[in-house]
Amino acid sequence: MSTTSEHAAQAAAVAQPVRVQTPFRRFLSDFFESRLAIGAIAVFGGILFIAIFAPWISPQNPYDLMVVDVMDSRLSPGEKSLTGMTFVLGSDGAGRDMLSAIFYGLRTSLGVGVMSGIIALCIGMTVGLTAAYFGGRTDSVIMRVVDLQLSFPAILIALILLSILGKGVDKIIIALVIAQWAYYARTVRASALVERRKEYIEAATCLALSHRRIVFRHLLPNVLPPLIVVGTLQTAHAISLEATLSFLGVGLPQTEPSLGLLISNGFEYMLSGKYWISFFPGIALLVTIVSINLVGDQLRDVLNPRLDR
Amino acid sequence: MSADQVPGPMLETRSVTKHFVKHLDLAAKIVRRLGADIQEEIVQAVDDVSLRVSKGEVVGLVGESGCGKSTLGRMVAGILEPTRGDILFRGDSILGAANTQDREAALKVQMIFQDPFASLNPRMRVADIIGEAPLIHGIITRAEFDDYVDEVLDRCGLDASFKRRYPHQFSGGQRQRIGIARALAVKPEFIVCDESVAALDVSIQAQILNLFMELREGLDLTYLFISHDLGVVEHLSDRVVIMYLGRVVESTTTDALFEEPNHPYTQALLREVPRLESRHSEFLPIKGEIPSPLDPPSGCHFHPRCPHAMPRCSAGAPALKEIQPGWMSACHLND
Amino acid sequence: MSEGSARSDRETAETPAAAASHVTGNTLIVEDLQTSFFTKAGVVKAVNGVSFGVSKGEVLGLVGESGSGKSVTGFSILGLVDPPGEVVGGSIRFRGRELVGLDDIAMREIRGSRIAMIFQDPMMTLNPVLRIDTQMIEAIQAHSRGSRNAAYARAREVLMKVGIASPDERLRAYPHQFSGGMRQRVAIAIALLNEPDLIIADEPTTALDVTIQAQILYEAQKLCRETGTALIWITHDLTVVAGLADRICVMYAGRDVEQGDVDEVLDHPLHPYTYGLIGSVPSRNRRGRPLHQIPGMTPSLLNLPPGCAFRARCDRASDECLREPPVVEHGENRRARCFHPYPEGSL
């Protein structure tokens with residue numbers, strides 16, 4: 001019976017220690033209870049590090065035409081180039097070092113995914129909060145737009161937009177934002193509707209605070225937890241969406257390939273046994289997405305509404 | 001015009017009615033057009049209630065689930081707007097607060113809520129919970145913030161060091177005190193207490209009730225005390241108003257009500273309230289469930305459960321009549 | 001004196017064995033029950049030495065505020081305490097049979113048939129996706145052989161017993177179609193199905209309106225008188241217990257601090273906590289005067305103070321109270337755990 005633990009928790013909660021425990025500190029201690037989460041965060045941290053510092057840590061700049069030599073192409077992992085550099089993960093069809101290409105690819109993939117995620121979150125959050133707070137017709141209209149948007153597959157929307165907008169990093173970010181914002185809006189609205197009914201929001205109304213203040217200072221911070229979970233999982237989704245688009249040849253130009261594009265480029269070589277050109281970027285993509293998902297899972301468990309601890 | 005010069009009650013509700021309507025969505029509207037018998041669901045939460053609270057009084061508002069007391073309380077506090085009727089504070093209507101001046105007036109009426117766990121923003125520090133509104137409305141300046149919050153906390157029996165903490169670090173009784181401090185911080189004159197002690201243990205309840213009485217004296221406050229607990233209401237109130245299914249059924253001084261209740265519902269309520277002195281009681285409950293506000297009985301709402309029901313009772317609702325000076329009751333038996 | 005204050009509060013409370021044997025009751029005897037929760041913050045001693053007894057046809061009111069351990073006591077009797085909690089000491093003898101340490105299968109046989117429980121929230125008893133008749137028949141058939149028809153008839157009979165007028169209609173319905181009071185009545189009916197010897201009711205009327213509460217109390221009272229079932233009514237509401245119970249046991253911070261006949265305890269309380277609690281109830285005091293206020297708060301069960309748990313809030317406390325207060329008998333089935341009880345007849 002969970003209620004017996006409730007009673008115990010209630011009893012233990014009376015007379016708390018004096019130390020000020022911010023909700024954030026509480027969250028951190030809960031989060032790091034799981035070893036899997038710690039592992040996932042460590043891996044993701046590593047990936048983030050690589051992505052940010054790629055130009056400085058990769059053995060070679062694969063997009064510097066001076067360094068790349070087509071004579072080095074399709075070398076298997078461990079072989080050396082004509083200049084004596086070891087291709088740890090092999091080289092691709094143009095003679096680029098796979099490891100370096102993956103580092104740069106991670107940079108692009110992560111950058112696009114996170115960037116579009118943040119922008120979509122901001123837009124979706126504002127829309128969702130507005131719908132939940134004002135209710136009535138505002139809510140109906142906004143939610144119909146959201147429903148309409150969500151009834152199209154994200155990839156279809158992205159493809160259509162990109163065919164209109166053309167190639168480029170900014171274009172693909174725009175496409176991803178438009179494909180994603182509705183999902184955030186819906187999540188925020190659901191959470192905000194619950195919070196809105198709570199008495200502390202009524203108290204804020206009673207205290208004659210302005211609507212804007214109530215929404216952003218009172219409602220928003222309490223709606224954030226599920227939003228963070230969704231944001232994390234959606235980022236992983238955005239990265240994989242972008243990879244798919246790149247694989248299909250839409251979106252990013254050859255000069256700034258992401259992991260998806262790398263996989264796509266190497267695809268033709270799969271059957272001839274030169275697996276490493278697609279395989280390693282694929283692994284990198286997999287590891288990135290899995291680590292983000294694991295972090296998101298732990299976040300969701302920790303931030304789940306439960307009893308006051 | 002000072003408070004003493006304004007004639008009449010401090011707070012008055014005039015024929016206030018509140019309906020909650022569940023509107024039909026597009027699909028239902030279409031189906032209705034095609035001939036299906038779908039009605040909009042209307043909950044008549046509050047039905048033509050006229051109350052008066054004089055300065056310095058404590059009026060207890062009592063009733064069971066579905067009687068509309070919480071809804072009425074929220075309308076008085078400015079959280080909900082009535083469907084019909086008017087609410088006047090010091091003679092001026094508080095409805096439709098549009099400009100700053102109206103909002104200032106709104107601050108004079110504050111509310112203290114029932115659930116100590118849901119009534120405080122879990123992500124704000126106590127200092128901000130209490131000090132936000134006074135700062136925004138210019139009651140205090142940034143420089144005065146800390147001292148002011150300390151003062152209010154002290155008045156509510158809380159230590160100043162609690163300022164930096166978050167609500168989850170406090171017990172139910174302490175949170176309720178923080179809620180009271182928040183209300184007091186904007187210097188109100190009228191407080192609506194919505195079941196403010198219902199969620200507390202008896203010994204903590206006693207502390208909070210004593211605090212209410214102290215504040216009433218010290219700050220010259222007027223209360224509308226909403227509760228289902230007749231013992232608490234008897235202890236605190238000067239006058240009592242009994243509600244049943246959205247309507248006022250009886251209203252008089254506390255002594256008179258508890259001595260000899262007039263309305264059959266009040267009589268049943270008082271008979272059934274367990275008291276510390278009555279041991280090995282013979283419980284004699286009135287039959288029947290409390291009807292749903294979605295589908296109230298015709299005429300007098302209480303007639304299905306009333307031991308004295310007559311045919312007249314289901315035909316028409318009895319009017320709230322003055323049976324003695326200051327004593328109102330809505331029952332056909334009084335005619 | 002010095003040994004008492006030097007004693008660490010991690011030791012299990014040592015109640016003098018002599019006092020424990022004075023609890024009587026031919027249906028249930030709980031002696032020095034201890035239930036603790038092993039949480040990551042520490043050990044919460046939710047029940048820290050509780051003894052009482054209940055006899056056939058008797059109503060015992062188990063009274064306490066939040067954190068007193070009254071609900072956990074109820075769950076412990078039925079073996080419903082889940083990890084991280086467990087019963088760590090004491091004995092629970094149900095009609096002579098020891099329940100502490102009983103294996104799961106034997107416990108399941110008793111639960112629901114010999115001892116039944118009614119919870120505060122009827123939705124804890126009622127499955128929202130099953131019809132009432134399904135649930136009731138299930139409860140019967142879990143403990144006895146017999147046809148479905150016989151089970152249905154029994155269910156119907158019991159629903160009428162708890163005052164439900166049209167049982168056939170109600171049996172075909174789902175829980176969400178009922179009001180709170182009606183659901184609680186059904187929960188009581190389910191408890192009655194297998195004619196238990198003991199019913200434990202955990203705050204069943206706390207969430208109900210006054211008029212509905214009166215109905216439930218009426219049913220509970222009637223059933224005890226008619227069937228001779230023993231009833232433990234767990235509540236924080238002294239007024240309910242005053243009207244319903246024959247005997248009261250007051251709990252504070254995991255211990256029973258006073259118990260006895262309801263009239264005696266309420267008219268002549270011995271323990272300062274009971275005294276304070278009675279004084280806090282509004283109807284008791286004269287109108288307009290401040291209520292008697294017990295200062296402070298319940299201590300944290302993670303970190304109980306040495307000696308008497310009430311010492312910090314008690315105006316009769318002395319240095320002696322740093323030791324474990326003994327259970328003192330004040331007459332037939334009347335005891336209080338205090339060094340300085342109020343003298344008899346002082347109220």
# chains A, B, ... in the order shown; residues from 1 in each chain; ligands from 1
call {"tool": "residues_around", "arguments": {"residues": "Phe267 (chain A)", "least_positions_apart": "4", "cutoff": "9 Å", "atoms": "only C-alpha atoms", "output": "MDAnalysis selection string"}}
result
chainID A and resid 262:263 271 275 277:278
call {"tool": "interface_residues", "arguments": {"of": "chain B", "to": "chain C", "cutoff": "6 Å", "atoms": "only C-alpha atoms", "output": "PDB file with C-alpha atoms, in the first residue's frame"}}
result
ATOM      1  CA  GLU B  64     -22.509  20.725   2.504  1.00  0.00           C
ATOM      2  CA  ASP B 201      -5.144  18.716  12.547  1.00  0.00           C
ATOM      3  CA  SER B 203      -4.449  21.126  17.565  1.00  0.00           C
ATOM      4  CA  ALA B 206      -6.936  25.665  17.239  1.00  0.00           C
ATOM      5  CA  GLN B 207      -3.766  27.687  16.678  1.00  0.00           C
ATOM      6  CA  ASN B 210      -6.886  31.736  17.588  1.00  0.00           C
ATOM      7  CA  GLY B 231     -18.424  23.551  15.722  1.00  0.00           C
ATOM      8  CA  VAL B 232     -15.822  25.891  14.295  1.00  0.00           C
ATOM      9  CA  HIS B 235     -17.048  29.299  17.941  1.00  0.00           C
ATOM     10  CA  GLU B 272     -26.437  15.263  13.219  1.00  0.00           C
ATOM     11  CA  PRO B 274     -21.274  14.974  16.357  1.00  0.00           C
ATOM     12  CA  ARG B 275     -20.391  16.712  19.549  1.00  0.00           C
ATOM     13  CA  LEU B 276     -17.847  15.929  22.188  1.00  0.00           C
ATOM     14  CA  SER B 278     -22.810  13.405  23.257  1.00  0.00           C
ATOM     15  CA  ARG B 279     -21.689   9.887  24.016  1.00  0.00           C
ATOM     16  CA  HIS B 280     -23.122   6.643  22.728  1.00  0.00           C
ATOM     17  CA  SER B 281     -25.328   8.696  20.470  1.00  0.00           C
ATOM     18  CA  PHE B 283     -27.595   8.520  15.204  1.00  0.00           C
ATOM     19  CA  PRO B 285     -29.780  10.618  10.026  1.00  0.00           C
TER      20      PRO B 285
END
call {"tool": "residues_around", "arguments": {"residues": "region 203-208 of chain A", "least_positions_apart": "6", "cutoff": "8 Å", "atoms": "only C-alpha atoms", "output": "list in words"}}
result
Ile214 of chain A; Ala77, Gly78, Ile79, Arg103, Glu104, Ala106, Leu107, Gln110, Met111, Ser119, Ala133, Ala183 and Val186 of chain B
call {"tool": "write_last_selection", "arguments": {"atoms": "N, CA and C atoms", "output": "mmCIF file, in the first residue's frame"}}
result
data_model
loop_
_atom_site.group_PDB
_atom_site.id
_atom_site.type_symbol
_atom_site.label_atom_id
_atom_site.label_comp_id
_atom_site.auth_asym_id
_atom_site.auth_seq_id
_atom_site.Cartn_x
_atom_site.Cartn_y
_atom_site.Cartn_z
ATOM 1 N N ILE A 214 1.058 36.589 -13.994
ATOM 2 C CA ILE A 214 0.583 35.291 -13.529
ATOM 3 C C ILE A 214 1.081 34.182 -14.453
ATOM 4 N N ALA B 77 -14.527 37.328 -3.464
ATOM 5 C CA ALA B 77 -13.101 37.654 -3.488
ATOM 6 C C ALA B 77 -12.630 38.142 -4.842
ATOM 7 N N GLY B 78 -13.512 38.089 -5.830
ATOM 8 C CA GLY B 78 -13.137 38.614 -7.136
ATOM 9 C C GLY B 78 -12.471 37.614 -8.053
ATOM 10 N N ILE B 79 -12.523 36.350 -7.691
ATOM 11 C CA ILE B 79 -11.891 35.341 -8.544
ATOM 12 C C ILE B 79 -12.834 34.880 -9.646
ATOM 13 N N ARG B 103 -8.564 47.844 -9.265
ATOM 14 C CA ARG B 103 -7.721 46.779 -8.744
ATOM 15 C C ARG B 103 -7.311 47.060 -7.309
ATOM 16 N N GLU B 104 -7.097 48.331 -7.013
ATOM 17 C CA GLU B 104 -6.759 48.677 -5.628
ATOM 18 C C GLU B 104 -7.897 48.284 -4.708
ATOM 19 N N ALA B 106 -9.948 45.967 -5.243
ATOM 20 C CA ALA B 106 -9.980 44.504 -5.172
ATOM 21 C C ALA B 106 -9.052 43.983 -4.089
ATOM 22 N N LEU B 107 -7.988 44.717 -3.804
ATOM 23 C CA LEU B 107 -7.045 44.254 -2.794
ATOM 24 C C LEU B 107 -7.629 44.277 -1.396
ATOM 25 N N GLN B 110 -9.608 39.920 0.440
ATOM 26 C CA GLN B 110 -8.652 38.853 0.178
ATOM 27 C C GLN B 110 -9.202 37.506 0.597
ATOM 28 N N MET B 111 -8.544 36.465 0.123
ATOM 29 C CA MET B 111 -9.044 35.126 0.405
ATOM 30 C C MET B 111 -7.964 34.235 0.982
ATOM 31 N N SER B 119 -2.091 25.903 -2.213
ATOM 32 C CA SER B 119 -2.349 27.340 -2.259
ATOM 33 C C SER B 119 -1.084 28.186 -2.274
ATOM 34 N N ALA B 133 3.019 40.919 -4.170
ATOM 35 C CA ALA B 133 1.897 41.827 -4.455
ATOM 36 C C ALA B 133 2.079 43.223 -3.856
ATOM 37 N N ALA B 183 -2.126 37.106 2.408
ATOM 38 C CA ALA B 183 -3.343 37.916 2.330
ATOM 39 C C ALA B 183 -3.192 39.216 3.103
ATOM 40 N N VAL B 186 -1.234 42.717 1.790
ATOM 41 C CA VAL B 186 -1.792 43.788 0.959
ATOM 42 C C VAL B 186 -2.797 44.640 1.731
#
call {"tool": "residues_around", "arguments": {"residues": "region 303-310 of chain C", "least_positions_apart": "6", "cutoff": "6 Å", "atoms": "only C-alpha atoms", "output": "PyMOL selection string"}}
result
chain C and resi 9+321-324
call {"tool": "write_last_selection", "arguments": {"atoms": "C-alpha atoms", "output": "PDB file, in the first residue's frame"}}
result
ATOM      1  CA  ASP C   9      16.713   6.793  20.915  1.00  0.00           C
ATOM      2  CA  CYS C 321      10.327  13.256  31.293  1.00  0.00           C
ATOM      3  CA  LEU C 322      13.660  12.776  29.557  1.00  0.00           C
ATOM      4  CA  ARG C 323      13.208   9.141  30.496  1.00  0.00           C
ATOM      5  CA  GLU C 324      10.716   6.858  28.882  1.00  0.00           C
TER       6      GLU C 324
END
call {"tool": "residues_around", "arguments": {"residues": "region 124-133 of chain A", "least_positions_apart": "4", "cutoff": "9 Å", "atoms": "only C-alpha atoms", "output": "PyMOL selection string"}}
result
chain A and resi 119-120+137-143+180-193+196+211+215-216+219-220+223+227
call {"tool": "closest_residue", "arguments": {"among": "A:Glu195, A:Glu268, A:Glu242, A:Glu256", "to": "chain B", "atoms": "only C-alpha atoms"}}
result
A:Glu195
call {"tool": "residues_around", "arguments": {"residues": "region 187-190 of chain B", "least_positions_apart": "4", "cutoff": "12 Å", "atoms": "only C-alpha atoms", "output": "ChimeraX atom specification"}}
result
/A:206-207 /B:3,9-12,53-59,73,76-77,89-90,104-112,130-131,133-134,137-140,148,152,180-183,215-216,218-225
call {"tool": "interface_residues", "arguments": {"of": "chain C", "to": "chain A", "cutoff": "8 Å", "atoms": "only C-alpha atoms", "output": "list in words"}}
result
Phe37, Val44, Ala46, Ser66, Gly67, Ser68, Gly69, Ser71, Val72, Phe75, Leu80, Val81, Asp82, Pro84, Gly85, Met297, Thr298, Pro299, Ser300, Leu301 and Leu302 of chain C
call {"tool": "select_by_dssp", "arguments": {"residues": "region 115-328 of chain B", "states": "strand (DSSP E)", "output": "number ranges by chain"}}
result
B: 190-194, 222-227, 239-244, 247-253, 321-324, 327-328
call {"tool": "closest_residue", "arguments": {"among": "B:Gly35, B:Pro307, B:Pro116, B:Gly299", "to": "chain A", "atoms": "only C-alpha atoms"}}
result
B:Pro116
